file target_18.tsv (TSV, C-alpha atoms)
chain	number	residue	atom	x	y	z
A	205	MET	CA	-18.24	20.82	-5.34
A	206	LYS	CA	-17.12	17.82	-7.34
A	207	THR	CA	-15.73	14.90	-5.31
A	208	ARG	CA	-12.41	13.48	-6.37
A	209	LYS	CA	-12.23	9.88	-7.44
A	210	ILE	CA	-9.91	7.77	-5.26
A	211	PRO	CA	-7.78	5.42	-7.37
A	212	LEU	CA	-8.19	1.79	-6.31
A	213	ARG	CA	-5.69	-1.00	-6.89
A	214	THR	CA	-5.88	-4.72	-6.10
A	215	CYS	CA	-3.52	-6.46	-3.69
A	216	VAL	CA	-2.02	-9.49	-5.45
A	217	VAL	CA	-2.12	-11.53	-2.22
A	218	THR	CA	-5.48	-10.72	-0.61
A	219	LYS	CA	-7.27	-9.69	-3.82
A	220	GLU	CA	-8.76	-6.68	-1.97
A	221	ALA	CA	-9.41	-3.49	-3.92
A	222	LEU	CA	-7.91	-0.74	-1.76
A	223	PRO	CA	-6.97	2.91	-2.21
A	224	LYS	CA	-3.56	3.26	-3.82
A	225	LYS	CA	-2.08	4.91	-0.71
A	226	GLU	CA	-2.80	1.82	1.41
A	227	LEU	CA	-0.75	-0.41	-0.89
A	228	LEU	CA	2.92	-0.76	-1.68
A	229	ARG	CA	4.02	-1.07	-5.31
A	230	ILE	CA	6.78	-3.49	-6.25
A	231	VAL	CA	8.26	-2.91	-9.72
A	232	ARG	CA	10.32	-4.91	-12.18
A	233	THR	CA	12.20	-2.23	-14.09
A	234	PRO	CA	12.86	-2.51	-17.84
A	235	GLU	CA	16.46	-3.45	-16.93
A	236	GLY	CA	15.15	-6.44	-14.94
A	237	TYR	CA	15.77	-5.20	-11.39
A	238	VAL	CA	13.08	-5.50	-8.74
A	239	GLU	CA	12.57	-2.38	-6.63
A	240	VAL	CA	10.09	-0.94	-4.17
A	241	ASP	CA	8.24	2.04	-5.62
A	242	GLU	CA	7.06	4.30	-2.80
A	243	THR	CA	6.05	7.08	-5.22
A	244	GLY	CA	3.95	4.84	-7.47
A	245	LYS	CA	5.42	6.39	-10.62
A	246	MET	CA	8.38	4.19	-11.60
A	247	ASN	CA	8.52	2.68	-15.05
A	248	GLY	CA	8.09	-1.06	-15.35
A	249	ARG	CA	5.75	-3.89	-14.51
A	250	GLY	CA	4.19	-3.39	-11.09
A	251	ALA	CA	2.35	-5.39	-8.48
A	252	TYR	CA	0.64	-4.04	-5.38
A	253	ILE	CA	0.64	-5.58	-1.90
A	254	LYS	CA	-1.09	-4.45	1.26
A	255	LYS	CA	1.14	-2.75	3.85
A	256	ASP	CA	0.85	-5.61	6.32
A	257	LEU	CA	3.57	-7.98	7.57
A	258	ALA	CA	1.23	-11.01	7.45
A	259	VAL	CA	0.47	-10.27	3.80
A	260	LEU	CA	4.20	-9.92	3.05
A	261	GLU	CA	4.93	-13.31	4.66
A	262	SER	CA	2.14	-14.88	2.63
A	263	ALA	CA	3.52	-13.31	-0.56
A	264	GLU	CA	7.00	-14.61	0.20
A	265	LYS	CA	5.78	-18.16	0.91
A	266	SER	CA	3.51	-18.39	-2.14
A	267	LYS	CA	6.02	-16.54	-4.41
A	268	ILE	CA	3.08	-14.58	-5.85
A	269	LEU	CA	5.25	-11.52	-6.51
A	270	GLU	CA	7.67	-13.62	-8.56
A	271	LYS	CA	4.75	-14.94	-10.60
A	272	LYS	CA	3.20	-11.52	-11.16
A	273	LEU	CA	6.50	-9.77	-11.99
A	274	GLU	CA	7.76	-12.77	-13.97
A	275	CYS	CA	11.25	-12.77	-12.41
A	276	LYS	CA	13.23	-14.02	-9.39
A	277	ILE	CA	13.06	-11.80	-6.30
A	278	GLU	CA	16.02	-11.67	-3.92
A	279	ASP	CA	15.61	-11.87	-0.13
A	280	SER	CA	17.04	-8.34	0.15
A	281	VAL	CA	13.95	-6.99	-1.64
A	282	TYR	CA	11.67	-8.72	0.87
A	283	GLU	CA	13.76	-7.24	3.71
A	284	GLU	CA	13.41	-3.76	2.18
A	285	ILE	CA	9.64	-4.22	1.90
A	286	LYS	CA	9.52	-5.36	5.54
A	287	LYS	CA	11.41	-2.24	6.68
A	288	ILE	CA	9.02	0.02	4.76
A	289	ILE	CA	5.97	-1.72	6.24
A	290	GLU	CA	7.43	-1.44	9.74
A	291	LYS	CA	8.17	2.24	9.10
A	292	TRP	CA	4.52	2.67	8.08
A	293	GLY	CA	3.66	1.31	11.51
A	294	VAL	CA	0.04	2.16	12.36
A	295	ASN	CA	-2.83	0.23	10.86
A	296	HIS	CA	-4.48	2.36	8.16
A	297	ASP	CA	-7.99	1.53	9.42
A	298	ASP	CA	-7.08	3.15	12.75
A	299	ILE	CA	-5.92	6.30	10.97
A	300	THR	CA	-9.14	6.49	8.95
A	301	ARG	CA	-11.23	6.07	12.09
A	302	LEU	CA	-9.22	8.79	13.86
A	303	CYS	CA	-9.62	11.20	10.93
A	304	LYS	CA	-13.41	10.69	10.90
A	305	TRP	CA	-13.54	11.34	14.65
A	306	CYS	CA	-11.45	14.54	14.30
A	307	TRP	CA	-13.62	15.75	11.43
A	308	ASN	CA	-16.81	15.17	13.43
A	309	GLU	CA	-15.37	16.97	16.46
A	310	TYR	CA	-14.31	19.89	14.30
A	311	TRP	CA	-17.81	20.36	12.85
A	312	ARG	CA	-19.50	19.81	16.19
A	313	ASN	CA	-17.37	22.53	17.81
A	314	LYS	CA	-17.70	24.87	14.85
A	315	ARG	CA	-21.51	24.75	15.03
A	316	THR	CA	-21.54	25.51	18.74
A	317	MET	CA	-19.19	28.47	18.23
A	318	TRP	CA	-21.54	30.27	15.82

call {"tool": "encode", "arguments": {"input": "target_18.tsv", "output": "structure tokens"}}
result
Amino acid sequence: MKTRKIPLRTCVVTKEALPKKELLRIVRTPEGYVEVDETGKMNGRGAYIKKDLAVLESAEKSKILEKKLECKIEDSVYEEIKKIIEKWGVNHDDITRLCKWCWNEYWRNKRTMW
């Protein structure tokens, strides 16, 4: 069976190449508005940041998103990003570790059943 390729994107703050699902896309639309793109499909110039509050604070202090999107970003956008990150909640590394553990348990139990 052919394995699917996982799309990687680079966080503009940490410069880490991460799977697209672990990042949040911020978009400057053709009309000039800055919005959070949770689907990853909006039209416009985009920049990705890691779903981490420390990374968001660093981005806000360094104004890296304003540089990458080439426009001024209002505080309300940063607040919206913060709410989305808080909603995300659990660290993605923990989820990955849990999934690997569940997968191993599943196969271990399946082999003993047969």

call {"tool": "closest_residue", "arguments": {"input": "target_18.tsv", "among": "A:Tyr252, A:Leu257, A:Glu239, A:Asn247", "to": "Glu278 in chain A", "atoms": "all atoms listed in the file"}}
result
A:Glu239

call {"tool": "residues_near_point", "arguments": {"input": "target_18.tsv", "point": "(-3.3, -2.4, -1.3)", "cutoff": "7 Å", "atoms": "all atoms listed in the file", "output": "mmCIF file with C-alpha atoms, in the coordinates of the input"}}
result
data_model
loop_
_atom_site.group_PDB
_atom_site.id
_atom_site.type_symbol
_atom_site.label_atom_id
_atom_site.label_comp_id
_atom_site.auth_asym_id
_atom_site.auth_seq_id
_atom_site.Cartn_x
_atom_site.Cartn_y
_atom_site.Cartn_z
ATOM 1 C CA ARG A 213 -5.690 -1.000 -6.890
ATOM 2 C CA THR A 214 -5.880 -4.720 -6.100
ATOM 3 C CA CYS A 215 -3.520 -6.460 -3.690
ATOM 4 C CA GLU A 220 -8.760 -6.680 -1.970
ATOM 5 C CA ALA A 221 -9.410 -3.490 -3.920
ATOM 6 C CA LEU A 222 -7.910 -0.740 -1.760
ATOM 7 C CA PRO A 223 -6.970 2.910 -2.210
ATOM 8 C CA LYS A 224 -3.560 3.260 -3.820
ATOM 9 C CA GLU A 226 -2.800 1.820 1.410
ATOM 10 C CA LEU A 227 -0.750 -0.410 -0.890
ATOM 11 C CA LEU A 228 2.920 -0.760 -1.680
ATOM 12 C CA TYR A 252 0.640 -4.040 -5.380
ATOM 13 C CA ILE A 253 0.640 -5.580 -1.900
ATOM 14 C CA LYS A 254 -1.090 -4.450 1.260
ATOM 15 C CA LYS A 255 1.140 -2.750 3.850
#

call {"tool": "atom_distance", "arguments": {"input": "target_18.tsv", "atom1": "CA of Arg232 in chain A", "atom2": "CA of Lys245 in chain A"}}
result
12.4 Å

call {"tool": "closest_residue", "arguments": {"input": "target_18.tsv", "among": "A:Val231, A:Met246, A:Val240, A:Ala263", "to": "Val216 in chain A", "atoms": "all atoms listed in the file"}}
result
A:Ala263

call {"tool": "closest_residue", "arguments": {"input": "target_18.tsv", "among": "A:Glu261, A:Ile268, A:Tyr237, A:Ile288", "to": "Lys219 in chain A", "atoms": "only C-alpha atoms"}}
result
A:Ile268

call {"tool": "atom_distance", "arguments": {"input": "target_18.tsv", "atom1": "CA of Ser280 in chain A", "atom2": "CA of Gly250 in chain A"}}
result
17.8 Å

call {"tool": "atom_distance", "arguments": {"input": "target_18.tsv", "atom1": "CA of Arg229 in chain A", "atom2": "CA of Arg249 in chain A"}}
result
9.8 Å

call {"tool": "closest_residue", "arguments": {"input": "target_18.tsv", "among": "A:Val238, A:Lys209, A:Ile230, A:Leu260", "to": "Lys286 in chain A", "atoms": "all atoms listed in the file"}}
result
A:Leu260

call {"tool": "closest_residue", "arguments": {"input": "target_18.tsv", "among": "A:Val281, A:Met205, A:Leu273, A:Ala258", "to": "Pro234 in chain A", "atoms": "only C-alpha atoms"}}
result
A:Leu273

call {"tool": "closest_residue", "arguments": {"input": "target_18.tsv", "among": "A:Cys275, A:Val217, A:Leu212, A:Glu270", "to": "Asp256 in chain A", "atoms": "all atoms listed in the file"}}
result
A:Val217

call {"tool": "build_atoms", "arguments": {"input": "target_18.tsv", "residues": "range 265-288 of chain A", "atoms": "N, CA and C atoms", "output": "JSON list (two decimals), in the frame of the given file"}}
result
[["chain", "number", "residue", "atom", "x", "y", "z"],
["A", 265, "LYS", "N", 5.97, -16.71, 0.91],
["A", 265, "LYS", "CA", 5.78, -18.16, 0.91],
["A", 265, "LYS", "C", 5.19, -18.66, -0.41],
["A", 266, "SER", "N", 4.20, -17.95, -0.91],
["A", 266, "SER", "CA", 3.51, -18.39, -2.14],
["A", 266, "SER", "C", 4.24, -17.96, -3.41],
["A", 267, "LYS", "N", 5.24, -17.07, -3.27],
["A", 267, "LYS", "CA", 6.02, -16.54, -4.41],
["A", 267, "LYS", "C", 5.11, -15.86, -5.44],
["A", 268, "ILE", "N", 4.04, -15.25, -4.95],
["A", 268, "ILE", "CA", 3.08, -14.58, -5.85],
["A", 268, "ILE", "C", 3.71, -13.39, -6.56],
["A", 269, "LEU", "N", 4.60, -12.67, -5.87],
["A", 269, "LEU", "CA", 5.25, -11.52, -6.51],
["A", 269, "LEU", "C", 6.14, -11.97, -7.66],
["A", 270, "GLU", "N", 6.83, -13.10, -7.48],
["A", 270, "GLU", "CA", 7.67, -13.62, -8.56],
["A", 270, "GLU", "C", 6.81, -14.01, -9.76],
["A", 271, "LYS", "N", 5.64, -14.56, -9.50],
["A", 271, "LYS", "CA", 4.75, -14.94, -10.60],
["A", 271, "LYS", "C", 4.20, -13.71, -11.32],
["A", 272, "LYS", "N", 3.79, -12.71, -10.56],
["A", 272, "LYS", "CA", 3.20, -11.52, -11.16],
["A", 272, "LYS", "C", 4.24, -10.67, -11.91],
["A", 273, "LEU", "N", 5.46, -10.59, -11.35],
["A", 273, "LEU", "CA", 6.50, -9.77, -11.99],
["A", 273, "LEU", "C", 7.33, -10.57, -12.99],
["A", 274, "GLU", "N", 7.11, -11.88, -13.02],
["A", 274, "GLU", "CA", 7.76, -12.77, -13.97],
["A", 274, "GLU", "C", 9.28, -12.72, -13.87],
["A", 275, "CYS", "N", 9.80, -12.75, -12.63],
["A", 275, "CYS", "CA", 11.25, -12.77, -12.41],
["A", 275, "CYS", "C", 11.54, -13.24, -11.00],
["A", 276, "LYS", "N", 12.80, -13.57, -10.72],
["A", 276, "LYS", "CA", 13.23, -14.02, -9.39],
["A", 276, "LYS", "C", 13.40, -12.79, -8.50],
["A", 277, "ILE", "N", 12.95, -12.90, -7.25],
["A", 277, "ILE", "CA", 13.06, -11.80, -6.30],
["A", 277, "ILE", "C", 14.00, -12.21, -5.18],
["A", 278, "GLU", "N", 15.03, -11.39, -4.96],
["A", 278, "GLU", "CA", 16.02, -11.67, -3.92],
["A", 278, "GLU", "C", 15.44, -11.43, -2.53],
["A", 279, "ASP", "N", 16.04, -12.06, -1.52],
["A", 279, "ASP", "CA", 15.61, -11.87, -0.13],
["A", 279, "ASP", "C", 15.80, -10.43, 0.32],
["A", 280, "SER", "N", 16.79, -9.73, -0.24],
["A", 280, "SER", "CA", 17.04, -8.34, 0.15],
["A", 280, "SER", "C", 15.85, -7.44, -0.19],
["A", 281, "VAL", "N", 15.14, -7.76, -1.26],
["A", 281, "VAL", "CA", 13.95, -6.99, -1.64],
["A", 281, "VAL", "C", 12.85, -7.19, -0.60],
["A", 282, "TYR", "N", 12.67, -8.44, -0.16],
["A", 282, "TYR", "CA", 11.67, -8.72, 0.87],
["A", 282, "TYR", "C", 12.02, -8.01, 2.18],
["A", 283, "GLU", "N", 13.32, -7.94, 2.50],
["A", 283, "GLU", "CA", 13.76, -7.24, 3.71],
["A", 283, "GLU", "C", 13.47, -5.74, 3.60],
["A", 284, "GLU", "N", 13.70, -5.18, 2.41],
["A", 284, "GLU", "CA", 13.41, -3.76, 2.18],
["A", 284, "GLU", "C", 11.91, -3.48, 2.33],
["A", 285, "ILE", "N", 11.10, -4.37, 1.78],
["A", 285, "ILE", "CA", 9.64, -4.22, 1.90],
["A", 285, "ILE", "C", 9.24, -4.28, 3.37],
["A", 286, "LYS", "N", 9.83, -5.22, 4.11],
["A", 286, "LYS", "CA", 9.52, -5.36, 5.54],
["A", 286, "LYS", "C", 9.86, -4.09, 6.30],
["A", 287, "LYS", "N", 11.01, -3.49, 6.01],
["A", 287, "LYS", "CA", 11.41, -2.24, 6.68],
["A", 287, "LYS", "C", 10.42, -1.12, 6.38],
["A", 288, "ILE", "N", 9.97, -1.03, 5.14],
["A", 288, "ILE", "CA", 9.02, 0.02, 4.76],
["A", 288, "ILE", "C", 7.69, -0.19, 5.47]]
